[in-house]
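Colleague: Take a look at start_20.cif, mmCIF, C-alpha atoms:
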data_entry
loop_
_atom_site.label_atom_id
_atom_site.label_comp_id
_atom_site.auth_asym_id
_atom_site.auth_seq_id
_atom_site.Cartn_x
_atom_site.Cartn_y
_atom_site.Cartn_z
CA MET A 1 247.86 -94.67 18.71
CA GLU A 2 244.99 -95.24 16.27
CA VAL A 3 242.70 -96.27 19.14
CA ASN A 4 243.53 -93.06 21.02
CA VAL A 5 242.73 -90.97 17.95
CA ARG A 6 239.35 -92.68 17.57
CA ARG A 7 238.61 -92.07 21.24
CA LEU A 8 239.52 -88.42 20.82
CA VAL A 9 237.19 -88.10 17.81
CA VAL A 10 234.34 -89.72 19.74
CA ILE A 11 234.92 -87.40 22.70
CA CYS A 12 234.86 -84.34 20.39
CA GLN A 13 231.65 -85.49 18.73
CA CYS A 14 230.01 -86.10 22.11
CA GLY A 15 231.15 -82.67 23.24
CA LYS A 16 229.51 -81.07 20.18
CA VAL A 17 226.28 -82.99 20.76
CA PHE A 18 226.28 -81.94 24.42
CA ALA A 19 226.88 -78.30 23.47
CA VAL A 20 224.07 -78.35 20.92
CA ASN A 21 221.70 -79.99 23.39
CA LYS A 22 222.63 -77.40 26.01
CA VAL A 23 221.92 -74.54 23.59
CA CYS A 24 218.57 -76.10 22.61
CA THR A 25 217.64 -76.55 26.26
CA GLU A 26 218.49 -72.90 27.01
CA GLU A 27 216.44 -71.73 24.01
CA LYS A 28 213.47 -73.84 25.12
CA THR A 29 213.73 -72.41 28.63
CA ILE A 30 213.84 -68.84 27.30
CA MET A 31 210.84 -69.46 25.01
CA SER A 32 208.95 -71.10 27.87
CA LEU A 33 209.53 -68.04 30.07
CA TYR A 34 208.60 -65.77 27.18
CA ASN A 35 205.36 -67.66 26.53
CA THR A 36 204.52 -67.59 30.23
CA PHE A 37 205.02 -63.82 30.39
CA ILE A 38 202.88 -63.21 27.28
CA ALA A 39 200.18 -65.58 28.55
CA ILE A 40 200.03 -63.78 31.93
CA LEU A 41 199.86 -60.41 30.13
CA TYR A 42 196.97 -61.61 27.94
CA PHE A 43 195.13 -63.17 30.87
CA LEU A 44 195.41 -60.29 33.35
CA THR A 45 194.54 -57.60 30.80
CA SER A 46 191.54 -59.57 29.54
CA ILE A 47 190.23 -60.31 33.03
CA LEU A 48 190.64 -56.65 34.03
CA PHE A 49 188.59 -55.43 31.07
CA VAL A 50 185.94 -58.16 31.50
CA LEU A 51 185.44 -57.02 35.10
CA LEU A 52 185.33 -53.34 34.09
CA ASN A 53 182.78 -53.93 31.34
CA GLY A 54 180.77 -56.17 33.66
CA LEU A 55 180.67 -53.53 36.42
CA ILE A 56 179.48 -50.89 33.97
CA MET A 57 176.75 -53.23 32.72
CA LEU A 58 175.71 -53.91 36.32
CA VAL A 59 175.46 -50.20 37.17
CA LEU A 60 173.52 -49.44 33.99
CA SER A 61 171.10 -52.23 34.89
CA ILE A 62 170.57 -51.25 38.54
CA TYR A 63 169.96 -47.50 38.45
CA LYS A 64 166.83 -46.03 36.88
CA GLU A 65 168.65 -42.94 35.59
CA TYR A 66 170.39 -45.17 33.04
CA GLN A 67 167.20 -46.79 31.76
CA THR A 68 167.32 -44.94 28.42
CA CYS A 69 167.80 -46.12 24.87
CA THR A 70 171.30 -44.59 24.73
CA TYR A 71 172.53 -46.39 27.82
CA PHE A 72 170.87 -49.59 26.65
CA ILE A 73 173.06 -49.41 23.53
CA ILE A 74 176.10 -48.69 25.70
CA LYS A 75 175.26 -51.72 27.85
CA ASN A 76 175.20 -53.87 24.71
CA ILE A 77 178.55 -52.39 23.64
CA CYS A 78 180.02 -53.57 26.95
CA LEU A 79 178.54 -57.01 26.25
CA SER A 80 180.13 -57.09 22.78
CA CYS A 81 183.50 -56.26 24.36
CA ILE A 82 183.13 -59.12 26.84
CA MET A 83 182.29 -61.44 23.93
CA GLN A 84 185.64 -60.48 22.37
CA LEU A 85 187.59 -60.78 25.62
CA ILE A 86 186.46 -64.33 26.46
CA PRO A 87 188.44 -65.86 23.53
CA PHE A 88 191.50 -63.87 24.66
CA ILE A 89 191.26 -65.45 28.11
CA PHE A 90 191.29 -68.91 26.54
CA GLY A 91 193.98 -67.69 24.13
CA SER A 92 196.28 -66.94 27.07
CA PHE A 93 196.24 -70.66 27.95
CA MET A 94 196.87 -71.53 24.29
CA THR A 95 199.93 -69.27 24.39
CA LEU A 96 201.13 -70.81 27.65
CA PHE A 97 200.86 -74.41 26.41
CA GLN A 98 201.46 -73.59 22.71
CA SER A 99 198.37 -75.59 21.81
CA ASN A 100 194.83 -74.86 20.66
CA ILE A 101 193.60 -77.13 23.52
CA HIS A 102 190.93 -78.58 21.19
CA PRO A 103 190.11 -77.77 17.53
CA PHE A 104 186.36 -77.51 18.24
CA LEU A 105 186.94 -75.08 21.11
CA GLU A 106 189.22 -72.96 18.92
CA ARG A 107 186.56 -72.94 16.19
CA ILE A 108 183.83 -71.76 18.56
CA LEU A 109 186.06 -69.10 20.14
CA GLY A 110 187.13 -67.86 16.71
CA ALA A 111 183.50 -67.45 15.66
CA LEU A 112 182.68 -65.76 18.98
CA ILE A 113 185.44 -63.17 18.77
CA GLN A 114 184.48 -62.17 15.23
CA ALA A 115 180.78 -62.09 16.13
CA GLY A 116 181.62 -59.84 19.08
CA TRP A 117 183.74 -57.57 16.86
CA PHE A 118 181.05 -57.06 14.23
CA PHE A 119 178.46 -56.69 17.00
CA TYR A 120 180.62 -53.88 18.38
CA LEU A 121 180.83 -52.21 14.95
CA GLY A 122 177.06 -52.34 14.49
CA LEU A 123 176.44 -50.97 17.98
CA SER A 124 178.93 -48.15 17.40
CA VAL A 125 176.87 -47.11 14.38
CA ALA A 126 173.69 -47.40 16.48
CA LEU A 127 175.15 -45.16 19.20
CA ALA A 128 176.29 -42.57 16.65
CA VAL A 129 172.83 -42.46 15.03
CA ASP A 130 171.20 -42.28 18.46
CA ARG A 131 173.24 -39.18 19.39
CA LEU A 132 172.50 -37.58 16.01
CA LEU A 133 168.76 -38.06 16.52
CA ILE A 134 169.02 -36.07 19.76
CA PHE A 135 169.81 -32.97 17.69
CA VAL A 136 167.70 -33.71 14.63
CA SER A 137 164.67 -34.22 16.86
CA PRO A 138 165.55 -32.65 20.28
CA LYS A 139 162.37 -33.73 22.05
CA PRO A 140 162.42 -37.46 22.96
CA THR A 141 159.96 -39.28 20.74
CA ARG A 142 158.95 -42.85 20.10
CA PHE A 143 160.22 -42.42 16.54
CA ASN A 144 163.76 -41.70 17.81
CA ASN A 145 163.68 -44.71 20.09
CA ARG A 146 162.36 -46.95 17.33
CA ILE A 147 165.16 -45.87 14.98
CA SER A 148 167.79 -46.51 17.65
CA MET A 149 166.25 -49.87 18.56
CA ALA A 150 166.12 -50.83 14.88
CA PHE A 151 169.88 -50.28 14.63
CA LEU A 152 170.35 -52.24 17.85
CA ILE A 153 168.32 -55.19 16.56
CA ALA A 154 170.20 -55.05 13.24
CA SER A 155 173.46 -55.26 15.21
CA TRP A 156 172.23 -58.41 16.95
CA PHE A 157 171.30 -59.99 13.60
CA LEU A 158 174.75 -59.06 12.27
CA CYS A 159 176.35 -60.67 15.33
CA LEU A 160 174.42 -63.93 14.90
CA ALA A 161 175.03 -64.00 11.13
CA VAL A 162 178.79 -63.56 11.57
CA PHE A 163 178.88 -66.29 14.23
CA VAL A 164 177.19 -68.73 11.84
CA VAL A 165 179.38 -67.71 8.89
CA PHE A 166 182.59 -68.34 10.84
CA LEU A 167 181.45 -71.87 11.62
CA MET A 168 181.33 -72.70 7.91
CA PRO A 169 183.98 -75.10 6.53
CA GLU A 170 186.00 -72.63 4.42
CA ILE A 171 185.85 -69.67 6.81
CA ALA A 172 187.49 -69.77 10.22
CA TYR A 173 189.48 -67.85 12.80
CA THR A 174 192.45 -69.48 14.48
CA PHE A 175 194.92 -68.71 17.25
CA LYS A 176 197.80 -70.43 15.46
CA THR A 177 200.24 -68.86 13.02
CA GLU A 178 203.56 -70.03 11.66
CA TYR A 179 205.23 -68.46 14.73
CA GLY A 180 203.08 -70.19 17.34
CA TYR A 181 199.96 -69.45 19.37
CA TYR A 182 200.01 -65.70 19.88
CA VAL A 183 197.22 -64.02 17.93
CA TRP A 184 193.65 -64.52 16.71
CA THR A 185 193.65 -64.30 12.93
CA TYR A 186 192.16 -65.75 9.76
CA THR A 187 193.11 -69.22 8.60
CA SER A 188 194.67 -69.78 5.18
CA ASP A 189 191.45 -71.26 3.75
CA SER A 190 190.08 -69.70 0.56
CA GLY A 191 186.94 -68.37 2.23
CA SER A 192 189.00 -66.88 5.05
CA GLU A 193 191.22 -65.05 2.58
CA VAL A 194 188.15 -63.50 0.94
CA MET A 195 186.84 -62.40 4.33
CA ARG A 196 190.24 -61.02 5.36
CA ASN A 197 190.53 -58.88 2.23
CA ALA A 198 186.94 -57.66 2.58
CA GLU A 199 187.26 -56.81 6.27
CA ALA A 200 190.42 -54.79 5.69
CA TYR A 201 188.22 -52.25 3.86
CA THR A 202 184.83 -52.66 5.54
CA ASP A 203 186.20 -51.99 9.04
CA LEU A 204 187.82 -48.71 8.01
CA ILE A 205 184.73 -47.68 6.02
CA MET A 206 182.44 -48.33 9.00
CA PHE A 207 184.71 -46.37 11.34
CA ALA A 208 184.83 -43.52 8.83
CA VAL A 209 181.01 -43.48 8.62
CA ILE A 210 180.75 -43.46 12.42
CA PHE A 211 183.27 -40.62 12.68
CA GLY A 212 181.40 -38.72 9.95
CA VAL A 213 178.17 -38.95 11.93
CA TYR A 214 179.93 -37.61 15.01
CA LEU A 215 181.33 -34.71 12.98
CA VAL A 216 177.73 -33.78 12.12
CA VAL A 217 176.96 -34.05 15.83
CA LEU A 218 179.88 -31.69 16.50
CA VAL A 219 178.35 -29.10 14.17
CA TYR A 220 175.11 -29.34 16.15
CA LEU A 221 177.12 -29.06 19.39
CA ILE A 222 178.74 -25.83 18.22
CA GLN A 223 175.34 -24.42 17.30
CA LEU A 224 174.02 -25.57 20.68
CA LYS A 225 176.88 -23.79 22.46
CA GLN A 226 176.04 -20.54 20.68
CA SER A 227 172.40 -20.81 21.67
CA VAL A 228 171.23 -18.59 24.53
CA ALA A 229 169.00 -21.34 25.92
CA VAL A 230 171.78 -23.93 26.00
CA ASN A 231 171.79 -26.41 28.84
CA SER A 232 175.39 -26.64 30.08
CA VAL A 233 174.81 -30.13 31.52
CA SER A 234 173.46 -31.45 28.22
CA PHE A 235 176.28 -29.78 26.30
CA SER A 236 179.02 -31.27 28.50
CA LYS A 237 177.36 -34.69 28.29
CA GLU A 238 177.31 -34.61 24.49
CA MET A 239 180.90 -33.35 24.38
CA ARG A 240 182.01 -36.28 26.54
CA ILE A 241 180.35 -38.70 24.15
CA PHE A 242 181.95 -36.91 21.19
CA VAL A 243 185.44 -37.07 22.76
CA THR A 244 184.88 -40.77 23.46
CA ALA A 245 184.00 -41.30 19.79
CA VAL A 246 187.08 -39.40 18.57
CA VAL A 247 189.50 -41.29 20.83
CA SER A 248 187.93 -44.62 19.85
CA PHE A 249 188.10 -43.72 16.14
CA VAL A 250 191.80 -42.79 16.30
CA TYR A 251 192.79 -45.90 18.25
CA GLU A 252 190.63 -48.36 16.31
CA SER A 253 191.70 -46.98 12.93
CA SER A 254 195.33 -47.42 14.03
CA PHE A 255 194.54 -50.94 15.22
CA ILE A 256 192.93 -51.90 11.90
CA SER A 257 195.89 -50.44 9.99
CA LEU A 258 198.27 -52.40 12.21
CA ASN A 259 196.27 -55.58 11.64
CA TYR A 260 195.80 -55.39 7.89
CA TRP A 261 198.06 -52.75 6.33
CA VAL A 262 201.46 -53.31 7.94
CA PRO A 263 204.14 -54.32 5.35
CA ALA A 264 204.99 -58.01 5.29
CA SER A 265 208.58 -57.23 6.30
CA LEU A 266 207.34 -55.83 9.61
CA SER A 267 204.45 -58.24 10.24
CA SER A 268 206.51 -61.41 9.70
CA HIS A 269 207.56 -61.81 13.34
CA HIS A 270 205.92 -63.39 16.36
CA LEU A 271 206.46 -60.16 18.33
CA MET A 272 204.17 -58.35 15.88
CA ASN A 273 201.56 -61.05 16.52
CA VAL A 274 201.77 -60.26 20.23
CA VAL A 275 201.46 -56.52 19.59
CA VAL A 276 198.38 -56.99 17.36
CA ASN A 277 196.71 -59.41 19.77
CA HIS A 278 197.28 -57.24 22.83
CA SER A 279 196.16 -54.14 20.91
CA TRP A 280 192.86 -55.93 20.26
CA ILE A 281 192.51 -56.76 23.95
CA VAL A 282 193.07 -53.10 24.82
CA ASP A 283 190.54 -52.07 22.17
CA ALA A 284 187.94 -54.31 23.81
CA GLY A 285 188.46 -52.41 27.06
CA LEU A 286 189.03 -48.93 25.64
CA PHE A 287 185.35 -47.95 25.44
CA ALA A 288 184.78 -48.87 29.11
CA VAL A 289 187.93 -47.05 30.23
CA ILE A 290 187.01 -43.85 28.37
CA ILE A 291 183.45 -43.88 29.74
CA MET A 292 184.77 -44.31 33.27
CA ILE A 293 187.20 -41.42 32.78
CA MET A 294 184.68 -39.07 31.15
CA ASN A 295 181.63 -39.87 33.30
CA GLY A 296 182.19 -38.95 36.95
CA ARG A 297 178.69 -39.98 37.97
CA LEU A 298 179.22 -43.45 36.55
CA ARG A 299 182.52 -43.74 38.42
CA GLU A 300 180.73 -42.92 41.65
CA ARG A 301 178.09 -45.55 40.93
CA VAL A 302 180.72 -48.22 40.23
CA ALA A 303 182.63 -47.29 43.38
CA GLY A 304 179.31 -47.39 45.26
CA LEU A 305 178.95 -51.07 44.40
CA PHE A 306 182.03 -51.88 46.49
CA GLU A 307 180.98 -49.54 49.30
CA ARG A 308 177.55 -51.19 49.43
CA LYS A 309 179.15 -54.63 49.54
CA ARG A 310 181.44 -53.49 52.36
CA ALA A 311 178.49 -52.02 54.30
CA LEU A 312 176.52 -55.26 53.94
CA ARG A 313 179.53 -57.21 55.17
CA ILE A 314 179.85 -54.98 58.24
CA VAL A 315 176.13 -55.32 59.02
CA SER A 316 176.36 -59.11 58.64
CA THR A 317 179.35 -59.19 60.98
CA ILE A 318 177.52 -57.09 63.59
CA ASN A 319 174.41 -59.25 63.38
CA GLY A 320 176.51 -62.36 63.66
CA THR A 321 178.31 -61.00 66.67
CA GLY A 322 175.03 -59.96 68.32
#
Could you write out this structure as structure tokens?

Modeller:
Amino acid sequence: MEVNVRRLVVICQCGKVFAVNKVCTEEKTIMSLYNTFIAILYFLTSILFVLLNGLIMLVLSIYKEYQTCTYFIIKNICLSCIMQLIPFIFGSFMTLFQSNIHPFLERILGALIQAGWFFYLGLSVALAVDRLLIFVSPKPTRFNNRISMAFLIASWFLCLAVFVVFLMPEIAYTFKTEYGYYVWTYTSDSGSEVMRNAEAYTDLIMFAVIFGVYLVVLVYLIQLKQSVAVNSVSFSKEMRIFVTAVVSFVYESSFISLNYWVPASLSSHHLMNVVVNHSWIVDAGLFAVIIMIMNGRLRERVAGLFERKRALRIVSTINGTG
């Protein structure tokens, strides 16, 4: 009787262990599928926006009509977005395998994404100033171009400086949080905390300055519209740029608020990490998307790239057949 009781106890304990192991296995399977889905989402979105920014850069480089200071700044903005998107592509694999792949790689990618972000901020200021100079000094002058190029060069110096700073021992960006590998964020180092607190304010201030410049541009646009000698093409062009700036300001201000100003009770979840990370990916593609929507001529040029490639393929096929 005593032996049977002991056997029964052992069987019950084994049953509990089996049940626990089964639950753990199911949870691991669910998390694996979840990580795979998030990784695919990160990867596909990042690749899509890299291609879009790359195509715009290619068009702006090929056609002479885009060989202006303004479009040169826009081309650099597309480059800054690609610089941000590259770490997200690698990040998708980190999410999939729940690993940073290699600490040195993570360190370089963290510095690159922040360098690309601050490069983008500097270029956004440069573009805003460039559009303002169009109205302050309507006739194209070397002085206008020099001012715009000065802001462009300053943006490059800012980019390089940030890249170097984020390679320093106490300041770093990582793809790992307490919830796993889902978002690029600051490490818990002392220098990183200082940078995090500073950036929470500097980003919003820079966006506010950019938006303020575009508001001044809007005043000039209204005056231009009331002018008898207004050029409707020039007016519509400037309005498109202004609308692009407004949409970018609203989205990016919301993104910064989501990243830095969300209460801890809401941010303390891995799902929020996914939302913030994917919002950043979308932000890196937003400028290109808006330009494609607002600029019909540019859309035609981008579409023409594929038509030209198709025509060349047909000609090659004919020649090969002949």

Colleague: Residues picked by the PyMOL selection byres ((chain A and resi 41) around 12) here, as a PyMOL selection string?

Modeller: chain A and resi 34-40+42-48+88-89+91-93+95-96+182+274-275+277-279+281-282

Colleague: Take atom CA of A:Ala245 and atom CA of A:Trp117 and report the distance between them in Å, one decimal.

Modeller: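 These atoms are spaced 16.5 Å apart.
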
Colleague: Taking all atoms listed in the file into account, name the residue in A:Phe143, A:Leu127, A:Tyr181, A:Val59 that is nearest to A:Ile101.

Modeller: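 Ranked by minimum distance to A:Ile101, first place goes to A:Tyr181.
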
Colleague: With only C-alpha atoms as the atoms that count, which of A:Leu121, A:Thr68, A:Asp130, A:Gln84 lies nearest to A:Ile147?

Modeller: A:Asp130

Colleague: At what distance in Å, to one decimal, does atom CA of A:Leu204 lie from atom CA of A:Tyr260?

Modeller: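 One can read the atom CA of A:Tyr260 to atom CA of A:Leu204 distance as 10.4 Å.
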
Colleague: Would you list the residues near (192.9, -64.8, 5.3) (no more than 9 Å away, in the coordinates of the file, using all atoms listed in the file) as a short mmCIF file (atom, residue, chain, number, x, y, z; two decimals) with C-alpha atoms, in the frame of the given file?

Modeller:
data_model
loop_
_atom_site.label_atom_id
_atom_site.label_comp_id
_atom_site.auth_asym_id
_atom_site.auth_seq_id
_atom_site.Cartn_x
_atom_site.Cartn_y
_atom_site.Cartn_z
CA ILE A 171 185.85 -69.67 6.81
CA ALA A 172 187.49 -69.77 10.22
CA TYR A 173 189.48 -67.85 12.80
CA THR A 185 193.65 -64.30 12.93
CA TYR A 186 192.16 -65.75 9.76
CA THR A 187 193.11 -69.22 8.60
CA SER A 188 194.67 -69.78 5.18
CA ASP A 189 191.45 -71.26 3.75
CA SER A 190 190.08 -69.70 0.56
CA GLY A 191 186.94 -68.37 2.23
CA SER A 192 189.00 -66.88 5.05
CA GLU A 193 191.22 -65.05 2.58
CA VAL A 194 188.15 -63.50 0.94
CA MET A 195 186.84 -62.40 4.33
CA ARG A 196 190.24 -61.02 5.36
CA ASN A 197 190.53 -58.88 2.23
#

Colleague: Would you mind listing what lies within 8 Å of A:Ile56 as a count of residues only, with all atoms listed in the file counted and same-chain residues fewer than 5 positions away left out?

Modeller: 5

Colleague: Using all atoms listed in the file, which of the listed residues (A:Ile74, A:Met272, A:Ala284, A:Met94) sits closest to A:Lys176?

Modeller: A:Met94
